[in-house]
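Shown below: data-v8.cif, with mmCIF, C-alpha atoms and all ligand atoms.
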data_coords
#
loop_
_atom_site.label_atom_id
_atom_site.label_comp_id
_atom_site.auth_asym_id
_atom_site.auth_seq_id
_atom_site.Cartn_x
_atom_site.Cartn_y
_atom_site.Cartn_z
CA ALA A 111 -29.45 -18.47 7.07
CA THR A 112 -32.99 -19.26 6.01
CA PRO A 113 -34.11 -18.21 2.51
CA ALA A 114 -36.23 -15.50 4.19
CA ALA A 115 -33.18 -14.11 5.93
CA THR A 116 -31.32 -14.09 2.65
CA MET A 117 -34.06 -12.12 1.00
CA VAL A 118 -34.41 -9.55 3.76
CA GLY A 119 -30.64 -9.19 3.96
CA SER A 120 -30.27 -8.69 0.24
CA THR A 121 -33.03 -6.11 0.09
CA LEU A 122 -31.53 -4.11 2.91
CA SER A 123 -28.07 -4.38 1.54
CA ALA A 124 -28.99 -3.23 -1.95
CA THR A 125 -30.18 0.11 -0.64
CA ASN A 126 -27.12 0.53 1.57
CA GLY A 127 -24.33 -0.03 -0.89
CA VAL A 128 -23.35 -3.31 0.74
CA LEU A 129 -23.64 -6.40 -1.46
CA PHE A 130 -23.74 -9.84 0.15
CA LYS A 131 -22.96 -12.83 -2.06
CA GLY A 132 -25.44 -15.16 -0.39
CA GLY A 133 -27.53 -15.72 2.69
CA ASP A 134 -24.95 -17.75 4.59
CA VAL A 135 -22.69 -14.73 4.56
CA LEU A 136 -25.01 -12.82 6.90
CA GLU A 137 -24.61 -15.52 9.53
CA GLN A 138 -20.82 -15.46 9.10
CA VAL A 139 -20.62 -11.68 9.36
CA ARG A 140 -22.53 -11.79 12.59
CA GLY A 141 -19.97 -14.11 14.18
CA VAL A 142 -16.92 -11.98 13.30
CA ASP A 143 -14.73 -10.95 16.25
CA THR A 144 -11.65 -9.79 14.33
CA VAL A 145 -11.47 -7.42 11.37
CA VAL A 146 -8.26 -7.40 9.34
CA PHE A 147 -7.74 -4.40 7.09
CA ASP A 148 -5.34 -4.14 4.19
CA LYS A 149 -3.70 -0.69 4.30
CA THR A 150 -3.21 0.68 0.80
CA GLY A 151 -6.45 1.17 -1.10
CA THR A 152 -8.54 -0.03 1.84
CA LEU A 153 -7.81 2.16 4.89
CA THR A 154 -6.29 4.69 2.49
CA HIS A 155 -7.55 5.89 -0.88
CA GLY A 156 -4.75 4.08 -2.70
CA GLU A 157 -4.08 7.09 -4.85
CA MET A 158 -0.48 7.91 -4.23
CA THR A 159 1.26 11.18 -4.95
CA LEU A 160 4.99 11.75 -5.22
CA THR A 161 6.01 13.96 -2.28
CA ASP A 162 9.81 13.80 -2.01
CA VAL A 163 12.80 13.36 -4.30
CA GLU A 164 16.06 12.96 -2.40
CA LEU A 165 19.61 12.20 -3.37
CA VAL A 166 21.61 9.91 -1.17
CA GLY A 167 24.98 11.27 -0.14
CA GLU A 168 24.07 14.70 -1.52
CA ARG A 169 22.13 17.54 -0.03
CA THR A 170 18.41 16.97 -0.27
CA ALA A 171 15.82 18.31 -2.65
CA THR A 172 12.48 17.97 -0.91
CA ASP A 173 8.97 19.24 -1.58
CA GLY A 174 9.74 22.90 -2.04
CA GLY A 175 12.52 21.91 -4.35
CA ASP A 176 14.91 24.82 -4.07
CA THR A 177 16.46 24.59 -0.62
CA ALA A 178 18.85 22.01 0.69
CA ALA A 179 18.71 20.44 4.15
CA ASP A 180 21.60 22.60 5.30
CA GLY A 181 19.70 25.73 4.32
CA GLY A 182 21.66 26.55 1.19
CA LEU A 183 20.36 26.52 -2.36
CA LEU A 184 20.80 23.34 -4.29
CA THR A 185 23.55 23.49 -6.85
CA ASP A 186 22.68 22.96 -10.49
CA ARG A 187 24.47 19.64 -10.31
CA GLU A 188 22.33 18.52 -7.38
CA GLU A 189 19.18 19.61 -9.20
CA ASP A 190 20.34 17.74 -12.29
CA LEU A 191 21.10 14.59 -10.33
CA ALA A 192 17.72 14.70 -8.60
CA SER A 193 15.99 15.09 -11.97
CA HIS A 194 18.12 12.29 -13.35
CA VAL A 195 17.09 9.95 -10.51
CA LEU A 196 13.42 10.84 -10.91
CA GLY A 197 13.55 10.53 -14.69
CA ALA A 198 15.25 7.15 -14.54
CA ALA A 199 12.80 5.86 -11.92
CA ALA A 200 9.78 7.10 -13.89
CA THR A 201 11.13 5.53 -17.06
CA ALA A 202 11.63 2.20 -15.31
CA GLU A 203 8.19 2.37 -13.66
CA SER A 204 6.36 3.30 -16.85
CA GLY A 205 5.71 -0.40 -17.47
CA SER A 206 4.18 -1.02 -14.04
CA GLU A 207 0.55 -0.68 -12.94
CA HIS A 208 1.46 -0.44 -9.24
CA PRO A 209 0.11 2.68 -7.44
CA ILE A 210 3.69 3.60 -6.48
CA ALA A 211 4.70 3.37 -10.12
CA ARG A 212 1.85 5.58 -11.27
CA ALA A 213 2.70 8.18 -8.62
CA ILE A 214 6.33 8.27 -9.76
CA VAL A 215 5.44 8.60 -13.47
CA ASP A 216 2.84 11.32 -12.80
CA GLY A 217 5.23 13.08 -10.41
CA ALA A 218 7.94 13.19 -13.08
CA GLU A 219 5.52 14.56 -15.67
CA ASP A 220 4.23 17.20 -13.22
CA ARG A 221 7.81 18.33 -12.63
CA GLY A 222 8.61 18.48 -16.33
CA VAL A 223 11.01 15.54 -16.10
CA GLU A 224 11.04 13.45 -19.25
CA VAL A 225 10.12 9.76 -19.18
CA GLY A 226 12.32 7.67 -21.48
CA ASP A 227 12.25 4.22 -23.07
CA VAL A 228 12.40 0.81 -21.46
CA SER A 229 13.97 -2.16 -23.23
CA GLU A 230 13.58 -4.75 -20.46
CA PHE A 231 11.31 -4.75 -17.46
CA GLU A 232 10.89 -7.12 -14.54
CA ASN A 233 8.31 -6.78 -11.80
CA VAL A 234 9.40 -8.30 -8.47
CA PRO A 235 6.08 -8.56 -6.58
CA GLY A 236 6.20 -7.10 -3.09
CA HIS A 237 9.70 -5.72 -3.68
CA GLY A 238 9.82 -3.41 -6.69
CA ILE A 239 11.05 -3.45 -10.26
CA ARG A 240 14.17 -3.91 -12.35
CA ALA A 241 14.49 -2.34 -15.78
CA GLU A 242 16.93 -1.69 -18.58
CA THR A 243 16.28 1.80 -19.88
CA ASP A 244 17.79 4.47 -22.09
CA ARG A 245 19.12 5.94 -18.80
CA GLY A 246 20.91 2.72 -17.85
CA SER A 247 20.00 -0.14 -15.52
CA VAL A 248 17.48 0.95 -12.92
CA LEU A 249 16.21 -0.60 -9.71
CA VAL A 250 13.25 0.89 -7.83
CA GLY A 251 11.95 -0.70 -4.67
CA ARG A 252 12.46 -1.58 -1.07
CA ARG A 253 15.80 -2.12 0.66
CA LYS A 254 15.85 -5.84 -0.01
CA LEU A 255 15.60 -5.41 -3.79
CA LEU A 256 18.79 -3.32 -3.82
CA GLU A 257 20.60 -5.42 -1.23
CA ASP A 258 19.95 -8.53 -3.31
CA ALA A 259 21.69 -6.71 -6.16
CA GLY A 260 24.73 -6.14 -3.92
CA ILE A 261 24.04 -2.45 -3.27
CA ASP A 262 24.71 -1.03 0.19
CA THR A 263 21.54 0.76 1.33
CA GLU A 264 22.99 2.01 4.62
CA PRO A 265 23.77 5.53 3.28
CA ALA A 266 20.04 5.92 2.52
CA GLU A 267 18.83 4.66 5.90
CA GLU A 268 18.42 8.02 7.63
CA THR A 269 16.43 9.50 4.74
CA LEU A 270 14.28 6.37 4.43
CA SER A 271 13.39 6.20 8.10
CA ARG A 272 12.59 9.91 8.33
CA LEU A 273 10.14 9.65 5.41
CA GLU A 274 8.62 6.45 6.77
CA ARG A 275 8.00 7.98 10.18
CA GLU A 276 5.96 10.60 8.32
CA GLY A 277 3.70 7.75 7.12
CA LYS A 278 5.07 7.95 3.58
CA THR A 279 6.14 4.98 1.51
CA ALA A 280 9.76 5.50 0.56
CA VAL A 281 11.45 3.54 -2.20
CA LEU A 282 15.08 3.42 -3.20
CA VAL A 283 16.28 4.15 -6.71
CA ALA A 284 19.59 2.91 -8.08
CA VAL A 285 20.71 4.08 -11.51
CA ASP A 286 23.71 2.41 -13.04
CA GLY A 287 25.03 4.27 -16.05
CA GLY A 288 26.66 7.61 -16.70
CA GLU A 289 25.85 9.96 -13.82
CA ARG A 290 27.40 9.35 -10.40
CA SER A 291 26.74 10.85 -7.05
CA SER A 292 29.72 13.03 -6.12
CA THR A 293 30.07 11.39 -2.71
CA ASN A 294 29.61 7.91 -4.06
CA GLY A 295 32.45 8.79 -6.36
CA GLU A 296 33.46 5.32 -7.45
CA PHE A 297 32.22 4.32 -10.84
CA ASP A 298 31.05 0.90 -9.76
CA VAL A 299 28.56 2.43 -7.29
CA PRO A 300 25.28 3.45 -8.87
CA LEU A 301 23.65 6.79 -8.25
CA LEU A 302 21.27 6.39 -5.33
CA GLY A 303 18.09 8.28 -4.60
CA VAL A 304 15.01 7.99 -2.45
CA LEU A 305 11.49 8.78 -3.64
CA ALA A 306 8.55 9.04 -1.28
CA VAL A 307 4.90 8.68 -2.13
CA ALA A 308 1.99 9.35 0.18
CA ASP A 309 -1.60 8.39 0.28
CA GLU A 310 -4.49 9.78 2.27
CA VAL A 311 -6.37 7.87 4.91
CA ARG A 312 -10.06 7.47 4.03
CA GLU A 313 -12.28 9.89 5.97
CA SER A 314 -14.27 7.27 7.87
CA ALA A 315 -11.36 4.93 8.68
CA LYS A 316 -10.76 6.28 12.17
CA GLU A 317 -14.39 6.30 13.32
CA THR A 318 -14.85 2.81 11.87
CA VAL A 319 -11.93 1.43 13.86
CA ALA A 320 -13.22 3.19 17.00
CA ALA A 321 -16.73 1.75 16.51
CA LEU A 322 -15.34 -1.75 15.96
CA HIS A 323 -13.28 -1.46 19.16
CA GLU A 324 -16.41 -0.22 20.93
CA ARG A 325 -18.18 -3.37 19.80
CA GLY A 326 -15.33 -5.46 21.25
CA THR A 327 -13.88 -6.37 17.87
CA GLU A 328 -10.14 -6.84 17.43
CA VAL A 329 -8.76 -4.70 14.58
CA VAL A 330 -5.62 -5.73 12.68
CA MET A 331 -3.67 -4.16 9.80
CA LEU A 332 -2.03 -6.39 7.19
CA THR A 333 0.24 -4.72 4.64
CA GLY A 334 3.14 -5.25 2.30
CA ASP A 335 4.44 -1.83 3.23
CA ASN A 336 7.25 -1.35 5.76
CA GLY A 337 6.66 -1.32 9.51
CA ARG A 338 7.36 2.34 10.16
CA THR A 339 4.95 3.57 7.47
CA ALA A 340 2.36 1.02 8.55
CA ARG A 341 2.59 2.05 12.23
CA ALA A 342 2.33 5.74 11.32
CA VAL A 343 -0.89 5.05 9.39
CA ALA A 344 -2.15 2.72 12.17
CA GLU A 345 -1.71 5.56 14.63
CA GLN A 346 -3.75 7.88 12.42
CA VAL A 347 -6.66 5.44 12.33
CA GLY A 348 -6.41 4.13 15.90
CA ILE A 349 -5.14 0.60 15.29
CA ASP A 350 -2.95 -0.78 18.10
CA PRO A 351 0.71 -0.89 16.90
CA GLU A 352 0.86 -4.46 18.24
CA ASN A 353 -1.81 -5.42 15.72
CA VAL A 354 0.16 -4.19 12.73
CA ARG A 355 1.58 -6.92 10.45
CA ALA A 356 3.86 -5.18 7.98
CA GLU A 357 6.13 -6.29 5.14
CA VAL A 358 3.83 -9.21 4.46
CA LEU A 359 4.51 -10.61 1.02
CA PRO A 360 1.47 -11.05 -1.25
CA GLU A 361 1.67 -14.84 -1.01
CA ASP A 362 1.81 -14.69 2.81
CA LYS A 363 -1.28 -12.58 3.54
CA ALA A 364 -3.56 -15.63 3.62
CA ASP A 365 -1.22 -17.38 6.08
CA HIS A 366 -1.59 -14.49 8.52
CA VAL A 367 -5.37 -14.79 8.35
CA GLU A 368 -5.10 -18.55 8.82
CA ASP A 369 -2.88 -18.08 11.89
CA LEU A 370 -5.46 -15.78 13.48
CA GLN A 371 -8.18 -18.34 12.74
CA LYS A 372 -6.09 -21.16 14.23
CA ASP A 373 -5.92 -19.07 17.40
CA GLY A 374 -9.71 -19.10 17.44
CA ALA A 375 -10.49 -15.77 15.82
CA ARG A 376 -13.42 -15.39 13.45
CA VAL A 377 -11.94 -13.18 10.81
CA MET A 378 -13.33 -10.65 8.40
CA MET A 379 -10.64 -9.60 5.91
CA VAL A 380 -11.16 -6.31 4.09
CA GLY A 381 -9.05 -5.63 0.99
CA ASP A 382 -8.88 -4.27 -2.52
CA GLY A 383 -5.89 -5.76 -4.28
CA VAL A 384 -4.87 -8.82 -6.26
CA ASN A 385 -2.49 -9.51 -3.37
CA ASP A 386 -5.45 -9.64 -0.95
CA ALA A 387 -7.44 -12.21 -2.92
CA PRO A 388 -6.13 -15.39 -1.22
CA ALA A 389 -6.63 -13.79 2.21
CA LEU A 390 -10.18 -12.77 1.29
CA THR A 391 -10.92 -16.39 0.36
CA THR A 392 -9.26 -17.77 3.51
CA ALA A 393 -11.07 -15.50 5.97
CA GLN A 394 -14.49 -16.49 7.34
CA VAL A 395 -15.74 -13.38 5.58
CA GLY A 396 -13.94 -11.67 2.71
CA VAL A 397 -14.91 -8.06 2.06
CA ALA A 398 -13.84 -6.23 -1.10
CA ILE A 399 -13.67 -2.50 -1.69
CA GLY A 400 -15.98 -1.83 -4.66
CA SER A 401 -13.38 0.05 -6.70
CA GLY A 402 -10.86 -2.70 -5.97
CA THR A 403 -9.52 -5.20 -8.47
CA ASP A 404 -11.89 -7.72 -10.09
CA VAL A 405 -9.96 -10.58 -8.50
CA ALA A 406 -10.58 -9.13 -5.03
CA ILE A 407 -14.30 -8.71 -5.71
CA GLU A 408 -14.58 -12.25 -7.10
CA SER A 409 -12.82 -13.67 -4.04
CA ALA A 410 -14.98 -11.75 -1.56
CA ASP A 411 -18.31 -12.59 0.10
CA VAL A 412 -19.26 -8.96 0.55
CA THR A 413 -18.55 -5.92 -1.63
CA LEU A 414 -18.61 -2.36 -0.35
CA MET A 415 -19.98 -0.46 -3.34
CA ARG A 416 -19.17 2.98 -1.94
CA ASP A 417 -15.51 2.17 -1.03
CA ASP A 418 -16.32 3.35 2.47
CA PRO A 419 -14.73 1.47 5.41
CA ALA A 420 -17.70 2.60 7.53
CA ASP A 421 -19.79 0.18 5.47
CA VAL A 422 -17.99 -2.65 7.27
CA LEU A 423 -20.03 -1.63 10.31
CA LYS A 424 -23.12 -1.36 8.19
CA ALA A 425 -22.57 -4.94 7.03
CA VAL A 426 -22.28 -6.06 10.65
CA ARG A 427 -25.45 -4.19 11.65
CA ILE A 428 -27.40 -5.50 8.66
CA SER A 429 -26.42 -9.06 9.55
CA GLU A 430 -27.41 -8.59 13.18
CA ALA A 431 -30.72 -6.87 12.38
CA THR A 432 -31.66 -9.31 9.65
CA ILE A 433 -30.96 -12.45 11.59
CA SER A 434 -32.58 -11.33 14.83
CA LYS A 435 -35.67 -10.17 12.90
CA VAL A 436 -36.12 -13.47 11.08
CA ARG A 437 -35.65 -15.48 14.24
P1 LIG B 501 0.74 -3.28 -0.46
O1 LIG B 501 0.45 -4.53 0.33
O2 LIG B 501 0.88 -2.09 0.45
O3 LIG B 501 -0.27 -3.06 -1.57
P2 LIG B 501 2.90 -4.43 -2.20
O4 LIG B 501 2.93 -5.83 -1.66
O5 LIG B 501 2.34 -4.25 -3.57
O6 LIG B 501 2.22 -3.42 -1.14
O7 LIG B 501 4.38 -3.85 -2.21
C1 LIG B 501 5.15 -3.85 -1.02
C2 LIG B 501 6.36 -2.94 -1.17
O8 LIG B 501 7.17 -3.34 -2.28
C3 LIG B 501 5.99 -1.49 -1.45
O9 LIG B 501 5.70 -0.77 -0.29
C4 LIG B 501 7.28 -1.01 -2.14
O10 LIG B 501 8.28 -0.76 -1.17
C5 LIG B 501 7.71 -2.20 -2.94
N1 LIG B 501 7.18 -2.15 -4.32
C6 LIG B 501 6.24 -2.96 -4.87
N2 LIG B 501 6.01 -2.64 -6.16
C7 LIG B 501 6.79 -1.57 -6.44
C8 LIG B 501 7.04 -0.77 -7.61
N3 LIG B 501 6.41 -0.96 -8.77
N4 LIG B 501 7.92 0.24 -7.49
C9 LIG B 501 8.57 0.47 -6.34
N5 LIG B 501 8.40 -0.26 -5.22
C10 LIG B 501 7.54 -1.26 -5.25
MG MG B 502 -4.35 -2.72 -1.11
#
Re-express the file's structure as structure tokens.
Ligand code: ADP
Ligand code: MG
Amino acid sequence: ATPAATMVGSTLSATNGVLFKGGDVLEQVRGVDTVVFDKTGTLTHGEMTLTDVELVGERTATDGGDTAADGGLLTDREEDLASHVLGAAATAESGSEHPIARAIVDGAEDRGVEVGDVSEFENVPGHGIRAETDRGSVLVGRRKLLEDAGIDTEPAEETLSRLEREGKTAVLVAVDGGERSSTNGEFDVPLLGVLAVADEVRESAKETVAALHERGTEVVMLTGDNGRTARAVAEQVGIDPENVRAEVLPEDKADHVEDLQKDGARVMMVGDGVNDAPALTTAQVGVAIGSGTDVAIESADVTLMRDDPADVLKAVRISEATISKVR
């Protein structure tokens, strides 16, 4: 872009809550034919709330809390075990900054479940956490985290997939120490539970996707979350299920962007997290959500100050208007 274009673009953008990092960016934005959205914190608010606490191999304690799946009241033992699972998970997660972790800790506090002490804590990025706590050894995370620890996750599969089809993010909890699930019986099998957290789609996400499609732009979702949850959210915002790339590890997000670019796409990547930073740098245009992490903002060419996905369109329109005006 010419210096004049830069100036006009910057002036326009400042009043619209869209910050461009330099004049060349306007030209790049104009050429974009594919927009890749991160899910959590970008298409959704990224503020997760604990919605479900379930025991595996026991009757279930869901939202309402006092009725089991078979219609009967939960026994005291089932209530106790559910509280034990939640308390152990919250204790283990108290050392993590992840949105899932915060939802679990807040959810425990809201339900009057005490959060204990952690002696050792290990974050396994993209998978979950391991911790040694005053409740015993605790694992919280996706299937793979537990399977790698030799735990059979099959008994939890039905519960997990039901919650995921609802668009929730479900994580497994394994607590090794003291309490046992009555059906697990054996003392070498840890108590298993499933916690679900949910997040709300941002108001303008759907209309933004529709307007991008209208413009002939390909829209893709890239997320570390599981496929079922990702597809449920994609459906809510109008992204083609074929364009959903789920269970993408943080270190692999950039590779997905690169693959699209190798196929000839001109990619705008929109994200908020530390795990999006390399992909934001790799894309022709990186766009950060204003309330996102500093690393994301530093890696991006454009920042959306109002956290509004609709401002992606505004960025496109500003670039088109600016450049055609100057020429
Ligand atoms: P996203 O790309 O959606 O921000 P992440 O890459 O951070 O997701 O995490 C991917 C998945 O790993 C999560 O959906 C969850 O299943 C699991 N996970 C990551 N961190 C945690 C944690 N602190 N507690 C439980 N599960 C976690
Ligand atoms: Mg995110």
> Could you work out how far CA of Val329 in chain A lies from CA of Gly381 in chain A, giving the answer in Å with one decimal?
Replying inline: 13.6 Å
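Closest approach to ligand MG 502 (chain B) from the set A:Val380, A:Ala364, A:Leu270, A:Ala259 is made by A:Val380, with distances taken over all atoms listed in the file.
Going from CA of Ser204 in chain A over to atom N3 of ligand LIG 501 (chain B), you cover 9.1 Å.
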> Residues at most 6 Å from ligand LIG 501 (chain B), using all atoms listed in the file? Could they come as a PyMOL selection string?
Replying inline: chain A and resi 150+206+208+210-211+235-239+250-252+281+333-335+359-360
>> Within 9 Å of ligand MG 502 (chain B) (counting only C-alpha atoms and all ligand atoms), which residues show up? I'd like them as a PyMOL selection string.
In response: chain A and resi 148-154+156+333-334+381-386+402
>> Taking 3 positions as the minimum chain separation for residues in the same chain, which residues sit within 6 Å of range 299-306 of chain A when counting all atoms listed in the file? Answer as a PyMOL selection string.
In response: chain A and resi 160-166+279-286+290-291+296
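Distance annotation: of A:Val248, A:Val422, A:Leu191, A:Met158, the residue with the minimal separation from Pro209 in chain A is A:Met158; atom set is all atoms listed in the file.
Our summary of the geometry notes that CA of Arg355 in chain A is positioned 12.7 Å from CA of Ala342 in chain A.
With only C-alpha atoms as the atoms that count, the minimum distance from Ala308 in chain A to the choices A:Thr327, A:Ser247, A:Thr339, A:Thr403 is reached by A:Thr339.
Within 6 Å of range 346-353 of chain A, once all atoms listed in the file are used and residues closer than 5 positions along the same chain are dropped, the contacting residues are A:Ala315, A:Lys316, A:Val330, A:Arg341.
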For the residues selected in the previous step, produce a file with C-alpha atoms as a PDB file, in the coordinates of the input.
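Saved to selection-v7.pdb:
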ATOM      1  CA  ALA A 315     -11.360   4.930   8.680  1.00  0.00           C
ATOM      2  CA  LYS A 316     -10.760   6.280  12.170  1.00  0.00           C
ATOM      3  CA  VAL A 330      -5.620  -5.730  12.680  1.00  0.00           C
ATOM      4  CA  ARG A 341       2.590   2.050  12.230  1.00  0.00           C
TER       5      ARG A 341
END
> Do you know which residues are at most 12 Å from Asp216 in chain A counting all atoms listed in the file, after dropping those on the same chain fewer than 2 positions away, and could you put them as a ChimeraX atom specification?
Replying inline: /A:157-161,196-197,199-201,203-204,209-214,218-225,307
Got time to write the residues from that selection, C-alpha atoms, as a compact mmCIF listing (two decimals), in the frame of the given file?
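After the write, out-v7.txt holds the following:
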# COMPACT_ATOMS: atom_id res chain seq x y z
CA GLU A 157 -4.08 7.09 -4.85
CA MET A 158 -0.48 7.91 -4.23
CA THR A 159 1.26 11.18 -4.95
CA LEU A 160 4.99 11.75 -5.22
CA THR A 161 6.01 13.96 -2.28
CA LEU A 196 13.42 10.84 -10.91
CA GLY A 197 13.55 10.53 -14.69
CA ALA A 199 12.80 5.86 -11.92
CA ALA A 200 9.78 7.10 -13.89
CA THR A 201 11.13 5.53 -17.06
CA GLU A 203 8.19 2.37 -13.66
CA SER A 204 6.36 3.30 -16.85
CA PRO A 209 0.11 2.68 -7.44
CA ILE A 210 3.69 3.60 -6.48
CA ALA A 211 4.70 3.37 -10.12
CA ARG A 212 1.85 5.58 -11.27
CA ALA A 213 2.70 8.18 -8.62
CA ILE A 214 6.33 8.27 -9.76
CA ALA A 218 7.94 13.19 -13.08
CA GLU A 219 5.52 14.56 -15.67
CA ASP A 220 4.23 17.20 -13.22
CA ARG A 221 7.81 18.33 -12.63
CA GLY A 222 8.61 18.48 -16.33
CA VAL A 223 11.01 15.54 -16.10
CA GLU A 224 11.04 13.45 -19.25
CA VAL A 225 10.12 9.76 -19.18
CA VAL A 307 4.90 8.68 -2.13
Give me the box for range 145-158 of chain A as AutoDock Vina command-line options, namely the centre and edge lengths in Å to one decimal of a box along x, y and z that holds every listed atom plus 5 Å on each side.
--center_x -6.0 --center_y 0.2 --center_z 3.3 --size_x 21.0 --size_y 25.3 --size_z 26.2
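Minimum distance to Leu273 in chain A across A:Arg338, A:Arg240, A:Ala320, A:Lys363 (counting only C-alpha atoms) occurs at A:Arg338.
Distance check against Ala241 in chain A using only C-alpha atoms: of A:Ala202, A:Glu207, A:Lys254, A:Ala340, the minimum falls on A:Ala202.
If you measure from each of A:Ser314, A:Phe147, A:Glu276, A:Val215 to Val354 in chain A using only C-alpha atoms, the closest one turns out to be A:Phe147.
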